[in-house]
file my_file20.json (JSON, C-alpha atoms)
[["chain", "number", "residue", "atom", "x", "y", "z"],
["A", 1, "GLU", "CA", -52.02, -68.38, -116.39],
["A", 2, "THR", "CA", -49.91, -71.52, -116.17],
["A", 3, "GLY", "CA", -46.56, -69.89, -116.93],
["A", 4, "VAL", "CA", -46.08, -72.20, -119.92],
["A", 5, "THR", "CA", -45.46, -70.29, -123.13],
["A", 6, "GLN", "CA", -45.36, -71.45, -126.73],
["A", 7, "SER", "CA", -44.22, -69.85, -129.96],
["A", 8, "PRO", "CA", -45.29, -69.07, -132.52],
["A", 9, "THR", "CA", -49.02, -68.79, -131.83],
["A", 10, "HIS", "CA", -49.98, -69.43, -135.44],
["A", 11, "LEU", "CA", -48.11, -70.81, -138.43],
["A", 12, "ILE", "CA", -48.92, -71.57, -142.05],
["A", 13, "LYS", "CA", -46.72, -73.99, -143.99],
["A", 14, "THR", "CA", -46.97, -75.95, -147.22],
["A", 15, "ARG", "CA", -46.72, -79.68, -147.72],
["A", 16, "GLY", "CA", -43.17, -81.01, -147.56],
["A", 17, "GLN", "CA", -41.82, -78.14, -145.48],
["A", 18, "GLN", "CA", -40.31, -78.47, -142.02],
["A", 19, "VAL", "CA", -41.45, -76.68, -138.87],
["A", 20, "THR", "CA", -40.06, -76.06, -135.38],
["A", 21, "LEU", "CA", -42.34, -75.23, -132.48],
["A", 22, "ARG", "CA", -41.05, -74.00, -129.13],
["A", 23, "CYS", "CA", -42.17, -74.33, -125.56],
["A", 24, "SER", "CA", -40.94, -72.73, -122.35],
["A", 25, "SER", "CA", -41.94, -74.71, -119.31],
["A", 26, "GLN", "CA", -43.14, -73.32, -116.03],
["A", 27, "SER", "CA", -40.35, -72.31, -113.69],
["A", 28, "GLY", "CA", -39.08, -75.32, -111.74],
["A", 29, "HIS", "CA", -40.65, -77.88, -114.06],
["A", 30, "ASN", "CA", -38.35, -80.56, -115.51],
["A", 31, "THR", "CA", -40.77, -82.49, -117.72],
["A", 32, "VAL", "CA", -42.33, -81.39, -121.01],
["A", 33, "SER", "CA", -44.94, -83.33, -122.95],
["A", 34, "TRP", "CA", -46.16, -82.54, -126.45],
["A", 35, "TYR", "CA", -49.66, -83.22, -127.76],
["A", 36, "GLN", "CA", -51.39, -82.83, -131.12],
["A", 37, "GLN", "CA", -55.05, -81.83, -131.14],
["A", 38, "ALA", "CA", -56.86, -82.11, -134.46],
["A", 39, "LEU", "CA", -60.16, -80.31, -134.90],
["A", 40, "GLY", "CA", -62.94, -81.98, -132.94],
["A", 41, "GLN", "CA", -60.59, -84.44, -131.25],
["A", 42, "GLY", "CA", -58.96, -84.71, -127.86],
["A", 43, "PRO", "CA", -55.22, -84.08, -127.61],
["A", 44, "GLN", "CA", -53.03, -87.02, -128.68],
["A", 45, "PHE", "CA", -49.70, -87.68, -126.94],
["A", 46, "ILE", "CA", -46.66, -87.21, -129.18],
["A", 47, "PHE", "CA", -43.73, -87.59, -126.76],
["A", 48, "GLN", "CA", -42.38, -86.50, -123.42],
["A", 49, "TYR", "CA", -38.98, -85.24, -122.28],
["A", 50, "TYR", "CA", -37.69, -85.64, -118.75],
["A", 51, "ARG", "CA", -34.41, -83.94, -117.82],
["A", 52, "GLU", "CA", -33.37, -83.67, -121.49],
["A", 53, "GLU", "CA", -34.08, -87.31, -122.40],
["A", 54, "GLU", "CA", -37.05, -88.69, -124.33],
["A", 55, "ASN", "CA", -39.25, -90.43, -121.82],
["A", 56, "GLY", "CA", -41.89, -92.09, -123.94],
["A", 57, "ARG", "CA", -43.46, -91.66, -127.32],
["A", 58, "GLY", "CA", -46.95, -91.98, -128.72],
["A", 59, "ASN", "CA", -48.01, -93.36, -132.08],
["A", 60, "PHE", "CA", -46.37, -90.72, -134.26],
["A", 61, "PRO", "CA", -43.90, -91.29, -137.13],
["A", 62, "PRO", "CA", -40.17, -90.49, -136.81],
["A", 63, "ARG", "CA", -40.58, -87.25, -138.74],
["A", 64, "PHE", "CA", -41.90, -85.90, -135.43],
["A", 65, "SER", "CA", -38.86, -85.27, -133.28],
["A", 66, "GLY", "CA", -37.99, -83.17, -130.29],
["A", 67, "LEU", "CA", -35.42, -81.78, -127.94],
["A", 68, "GLN", "CA", -35.28, -80.57, -124.39],
["A", 69, "PHE", "CA", -32.64, -78.08, -123.34],
["A", 70, "PRO", "CA", -30.77, -77.70, -120.02],
["A", 71, "ASN", "CA", -33.22, -74.97, -118.98],
["A", 72, "TYR", "CA", -36.01, -77.51, -119.65],
["A", 73, "SER", "CA", -37.49, -75.60, -122.55],
["A", 74, "SER", "CA", -38.33, -77.80, -125.51],
["A", 75, "GLU", "CA", -38.75, -77.93, -129.27],
["A", 76, "LEU", "CA", -40.98, -80.03, -131.48],
["A", 77, "ASN", "CA", -39.76, -80.53, -135.04],
["A", 78, "VAL", "CA", -41.89, -81.91, -137.83],
["A", 79, "ASN", "CA", -40.31, -82.78, -141.17],
["A", 80, "ALA", "CA", -42.00, -83.40, -144.52],
["A", 81, "LEU", "CA", -45.25, -81.78, -143.43],
["A", 82, "GLU", "CA", -48.49, -83.40, -144.53],
["A", 83, "LEU", "CA", -51.97, -81.89, -144.74],
["A", 84, "ASP", "CA", -53.08, -84.04, -141.77],
["A", 85, "ASP", "CA", -50.45, -82.36, -139.60],
["A", 86, "SER", "CA", -52.73, -79.32, -139.44],
["A", 87, "ALA", "CA", -53.68, -79.11, -135.78],
["A", 88, "LEU", "CA", -53.21, -77.33, -132.47],
["A", 89, "TYR", "CA", -49.88, -78.38, -130.92],
["A", 90, "LEU", "CA", -49.86, -78.21, -127.16],
["A", 91, "CYS", "CA", -47.01, -78.54, -124.76],
["A", 92, "ALA", "CA", -47.49, -79.27, -121.10],
["A", 93, "SER", "CA", -44.97, -79.00, -118.31],
["A", 94, "SER", "CA", -44.82, -80.77, -114.98],
["A", 95, "SER", "CA", -42.42, -81.36, -112.13],
["A", 96, "SER", "CA", -41.41, -84.91, -111.32],
["A", 97, "ARG", "CA", -38.94, -86.29, -108.81],
["A", 98, "VAL", "CA", -39.03, -89.65, -110.53],
["A", 99, "ARG", "CA", -38.82, -90.53, -114.20],
["A", 100, "ALA", "CA", -42.37, -91.72, -114.67],
["A", 101, "ALA", "CA", -44.85, -89.92, -112.48],
["A", 102, "SER", "CA", -48.39, -90.27, -113.73],
["A", 103, "TRP", "CA", -49.82, -88.36, -110.82],
["A", 104, "GLU", "CA", -48.10, -85.05, -111.44],
["A", 105, "THR", "CA", -50.36, -82.34, -112.80],
["A", 106, "GLN", "CA", -49.48, -81.20, -116.30],
["A", 107, "TYR", "CA", -49.94, -77.52, -117.11],
["A", 108, "PHE", "CA", -50.66, -76.64, -120.70],
["A", 109, "GLY", "CA", -49.41, -73.76, -122.77],
["A", 110, "PRO", "CA", -51.73, -71.87, -125.13],
["A", 111, "GLY", "CA", -50.66, -73.95, -128.11],
["A", 112, "THR", "CA", -49.45, -73.31, -131.64],
["A", 113, "ARG", "CA", -51.98, -73.53, -134.44],
["A", 114, "LEU", "CA", -50.36, -75.07, -137.51],
["A", 115, "LEU", "CA", -52.05, -75.01, -140.88],
["A", 116, "VAL", "CA", -50.50, -77.04, -143.69],
["A", 117, "LEU", "CA", -51.61, -76.12, -147.21],
["B", 1, "ARG", "CA", -62.08, -99.77, -128.88],
["B", 2, "LYS", "CA", -60.87, -96.28, -128.00],
["B", 3, "GLU", "CA", -58.88, -95.94, -124.80],
["B", 4, "VAL", "CA", -61.13, -93.24, -123.39],
["B", 5, "GLU", "CA", -64.71, -92.83, -124.60],
["B", 6, "GLN", "CA", -67.07, -89.96, -123.95],
["B", 7, "ASP", "CA", -70.43, -88.88, -125.29],
["B", 8, "PRO", "CA", -69.50, -85.94, -127.56],
["B", 9, "GLY", "CA", -72.77, -84.13, -126.89],
["B", 10, "PRO", "CA", -73.53, -81.32, -127.27],
["B", 11, "PHE", "CA", -75.39, -81.00, -124.00],
["B", 12, "ASN", "CA", -77.62, -77.93, -124.15],
["B", 13, "VAL", "CA", -78.96, -77.07, -120.70],
["B", 14, "PRO", "CA", -80.61, -74.03, -119.07],
["B", 15, "GLU", "CA", -78.89, -72.08, -116.34],
["B", 16, "GLY", "CA", -79.35, -73.72, -112.99],
["B", 17, "ALA", "CA", -79.66, -77.23, -114.38],
["B", 18, "THR", "CA", -77.71, -80.23, -113.15],
["B", 19, "VAL", "CA", -75.77, -82.07, -115.83],
["B", 20, "ALA", "CA", -73.76, -85.28, -115.71],
["B", 21, "PHE", "CA", -70.99, -86.49, -118.00],
["B", 22, "ASN", "CA", -69.79, -90.06, -118.22],
["B", 23, "CYS", "CA", -66.59, -91.57, -119.45],
["B", 24, "THR", "CA", -65.25, -95.11, -119.80],
["B", 25, "TYR", "CA", -61.64, -96.20, -120.15],
["B", 26, "SER", "CA", -60.26, -99.44, -121.51],
["B", 27, "ASN", "CA", -56.89, -99.83, -119.75],
["B", 28, "SER", "CA", -57.34, -101.38, -116.34],
["B", 29, "ALA", "CA", -53.75, -100.32, -115.51],
["B", 30, "SER", "CA", -54.82, -96.67, -115.57],
["B", 31, "GLN", "CA", -53.69, -95.05, -112.36],
["B", 32, "SER", "CA", -54.64, -91.40, -112.41],
["B", 33, "PHE", "CA", -57.84, -89.77, -113.57],
["B", 34, "PHE", "CA", -58.76, -86.19, -114.33],
["B", 35, "TRP", "CA", -61.35, -83.92, -115.82],
["B", 36, "TYR", "CA", -60.00, -81.07, -117.91],
["B", 37, "ARG", "CA", -61.97, -78.15, -119.26],
["B", 38, "GLN", "CA", -61.24, -76.64, -122.65],
["B", 39, "ASP", "CA", -62.73, -73.38, -123.83],
["B", 40, "CYS", "CA", -63.09, -72.72, -127.55],
["B", 41, "ARG", "CA", -59.67, -72.27, -129.18],
["B", 42, "LYS", "CA", -57.89, -72.40, -125.81],
["B", 43, "GLU", "CA", -55.68, -74.91, -124.06],
["B", 44, "PRO", "CA", -57.06, -77.59, -121.72],
["B", 45, "LYS", "CA", -57.08, -76.63, -118.05],
["B", 46, "LEU", "CA", -57.27, -79.02, -115.14],
["B", 47, "LEU", "CA", -60.73, -78.94, -113.58],
["B", 48, "MET", "CA", -60.22, -81.65, -110.99],
["B", 49, "SER", "CA", -58.51, -84.91, -110.25],
["B", 50, "VAL", "CA", -60.74, -87.92, -109.66],
["B", 51, "TYR", "CA", -60.26, -90.29, -106.73],
["B", 52, "SER", "CA", -61.81, -93.64, -105.91],
["B", 53, "SER", "CA", -63.49, -92.14, -102.89],
["B", 54, "GLY", "CA", -65.08, -89.46, -105.05],
["B", 55, "ASN", "CA", -64.38, -85.80, -104.64],
["B", 56, "GLU", "CA", -66.23, -82.55, -104.71],
["B", 57, "ASP", "CA", -65.16, -79.01, -105.53],
["B", 58, "GLY", "CA", -67.98, -76.54, -105.11],
["B", 59, "ARG", "CA", -70.61, -77.31, -107.72],
["B", 60, "PHE", "CA", -68.50, -80.06, -109.29],
["B", 61, "THR", "CA", -68.47, -83.69, -108.16],
["B", 62, "ALA", "CA", -66.32, -86.41, -109.70],
["B", 63, "GLN", "CA", -66.66, -90.13, -109.19],
["B", 64, "LEU", "CA", -64.49, -93.08, -110.17],
["B", 65, "ASN", "CA", -65.57, -96.71, -110.41],
["B", 66, "ARG", "CA", -62.44, -98.80, -111.01],
["B", 67, "ALA", "CA", -64.36, -102.08, -111.28],
["B", 68, "SER", "CA", -66.49, -100.73, -114.13],
["B", 69, "GLN", "CA", -63.69, -98.49, -115.48],
["B", 70, "TYR", "CA", -66.08, -95.58, -115.40],
["B", 71, "ILE", "CA", -65.63, -91.92, -114.48],
["B", 72, "SER", "CA", -68.31, -89.29, -114.04],
["B", 73, "LEU", "CA", -68.57, -85.55, -113.57],
["B", 74, "LEU", "CA", -71.63, -83.85, -112.11],
["B", 75, "ILE", "CA", -72.16, -80.12, -112.41],
["B", 76, "ARG", "CA", -74.87, -78.62, -110.23],
["B", 77, "ASP", "CA", -76.51, -75.21, -110.67],
["B", 78, "SER", "CA", -74.98, -74.69, -114.13],
["B", 79, "LYS", "CA", -73.68, -71.23, -114.97],
["B", 80, "LEU", "CA", -73.27, -69.62, -118.38],
["B", 81, "SER", "CA", -69.53, -69.67, -117.71],
["B", 82, "ASP", "CA", -69.57, -73.47, -117.50],
["B", 83, "SER", "CA", -70.04, -73.64, -121.28],
["B", 84, "ALA", "CA", -66.97, -75.46, -122.58],
["B", 85, "THR", "CA", -65.75, -78.88, -123.67],
["B", 86, "TYR", "CA", -65.05, -81.27, -120.82],
["B", 87, "LEU", "CA", -62.26, -83.76, -121.43],
["B", 88, "CYS", "CA", -61.99, -87.04, -119.56],
["B", 89, "VAL", "CA", -58.33, -87.95, -119.04],
["B", 90, "VAL", "CA", -56.55, -91.02, -117.73],
["B", 91, "THR", "CA", -52.93, -91.99, -117.34],
["B", 92, "ALA", "CA", -51.28, -95.37, -117.17],
["B", 93, "TYR", "CA", -47.92, -96.45, -115.88],
["B", 94, "ASP", "CA", -46.96, -99.99, -116.82],
["B", 95, "GLY", "CA", -43.31, -99.82, -115.84],
["B", 96, "GLY", "CA", -42.21, -98.73, -119.26],
["B", 97, "SER", "CA", -44.27, -95.67, -119.99],
["B", 98, "GLN", "CA", -44.16, -92.29, -118.44],
["B", 99, "GLY", "CA", -47.68, -91.54, -117.38],
["B", 100, "ASN", "CA", -48.70, -89.60, -120.45],
["B", 101, "LEU", "CA", -52.22, -88.23, -120.52],
["B", 102, "ILE", "CA", -54.79, -90.09, -122.61],
["B", 103, "PHE", "CA", -57.69, -87.84, -123.55],
["B", 104, "GLY", "CA", -61.22, -88.58, -124.60],
["B", 105, "LYS", "CA", -62.65, -86.55, -127.48],
["B", 106, "GLY", "CA", -64.50, -84.35, -125.04],
["B", 107, "THR", "CA", -68.13, -83.56, -124.24],
["B", 108, "LYS", "CA", -69.39, -80.16, -125.28],
["B", 109, "LEU", "CA", -71.61, -78.31, -122.81],
["B", 110, "SER", "CA", -73.63, -75.26, -123.71],
["B", 111, "VAL", "CA", -75.48, -73.50, -120.87],
["B", 112, "LYS", "CA", -78.26, -71.20, -122.06],
["B", 113, "PRO", "CA", -79.90, -68.28, -120.22]]
call {"tool": "encode", "arguments": {"input": "my_file20.json", "output": "structure tokens"}}
result
Amino acid sequence: ETGVTQSPTHLIKTRGQQVTLRCSSQSGHNTVSWYQQALGQGPQFIFQYYREEENGRGNFPPRFSGLQFPNYSSELNVNALELDDSALYLCASSSSRVRAASWETQYFGPGTRLLVL
Amino acid sequence: RKEVEQDPGPFNVPEGATVAFNCTYSNSASQSFFWYRQDCRKEPKLLMSVYSSGNEDGRFTAQLNRASQYISLLIRDSKLSDSATYLCVVTAYDGGSQGNLIFGKGTKLSVKP
């Protein structure tokens, strides 16, 4: 196990609702990245947090937002849910001494399966 | 053109077979390269990093060709437990980004008895 946990494991929402997903990073890790994986696709980068600051964002609309807390756990919030938001949401934690470290291994949590009806 | 392209498969092979997966990437600034393995309805797990000199881990061999922007994974003596989706992953750091992982869609491998 990677030591990265996510909650909840499954979630069903309806269009227009809002959702908050949570991630606890591995002990000692200061960086959390969030990914969306639609069925049959590879994970797509949403955004990354490094030491409580957003550290890059993928091609997702502003209704996808996040936070990182002083203990380096993180939340992903999605407003105004759409049917296409149905996916597996993965968080990954890593430990970086510098702000942008592409070489650090990212460890994934088990994901949250979101279904939007 | 997609940033990372893989043959989606599926590759159906008998136990003991050798199977090779290929992957191409479009961003020449890509700096780090990985193969991840993802079991059905599970999270991706790092299989191995890929270096220009090539690297081997037991039955698994990964190769990188920066000039052709091409990555490969070779699995020898396939086991039933190797059945999974194999994801080719690259990162890029261009001074403004953070080295996020860019995934291919994955290649599905099914090893049969």
call {"tool": "closest_residue", "arguments": {"input": "my_file20.json", "among": "A:Ser24, A:Asn71, A:Thr9, A:Gln48", "to": "chain B", "atoms": "all atoms listed in the file"}}
result
A:Gln48
call {"tool": "residues_near_point", "arguments": {"input": "my_file20.json", "point": "(-68.4, -76.4, -122.0)", "cutoff": "9 Å", "atoms": "all atoms listed in the file", "output": "ChimeraX atom specification"}}
result
/B:10-11,37-40,81-86,107-111
call {"tool": "interface_residues", "arguments": {"input": "my_file20.json", "of": "chain B", "to": "chain A", "cutoff": "12 Å", "atoms": "all atoms listed in the file", "output": "PyMOL selection string"}}
result
chain B and resi 2-6+8-9+29-51+85-108
call {"tool": "residues_near_point", "arguments": {"input": "my_file20.json", "point": "(-38.6, -80.3, -126.0)", "cutoff": "8 Å", "atoms": "all atoms listed in the file", "output": "NGL selection string"}}
result
:A and (22-23 or 32-34 or 48-49 or 52 or 66-69 or 72-76)
call {"tool": "closest_residue", "arguments": {"input": "my_file20.json", "among": "B:Glu56, B:Gln63, B:Lys112, B:Ser72", "to": "Thr24 in chain B", "atoms": "all atoms listed in the file"}}
result
B:Ser72
call {"tool": "residues_around", "arguments": {"input": "my_file20.json", "residues": "Lys13 in chain A", "least_positions_apart": "3", "cutoff": "7 Å", "atoms": "all atoms listed in the file", "output": "PyMOL selection string"}}
result
chain A and resi 17+115-117
call {"tool": "atom_distance", "arguments": {"input": "my_file20.json", "atom1": "CA of Ala80 in chain A", "atom2": "CA of Leu11 in chain A"}}
result
15.3 Å
call {"tool": "atom_distance", "arguments": {"input": "my_file20.json", "atom1": "CA of Tyr70 in chain B", "atom2": "CA of Val13 in chain B"}}
result
23.2 Å
call {"tool": "atom_distance", "arguments": {"input": "my_file20.json", "atom1": "CA of Leu83 in chain A", "atom2": "CA of Ile12 in chain A"}}
result
11.1 Å
call {"tool": "closest_residue", "arguments": {"input": "my_file20.json", "among": "A:Ser93, A:Asp84, A:Gly28, A:Asn77", "to": "Thr5 in chain A", "atoms": "all atoms listed in the file"}}
result
A:Ser93
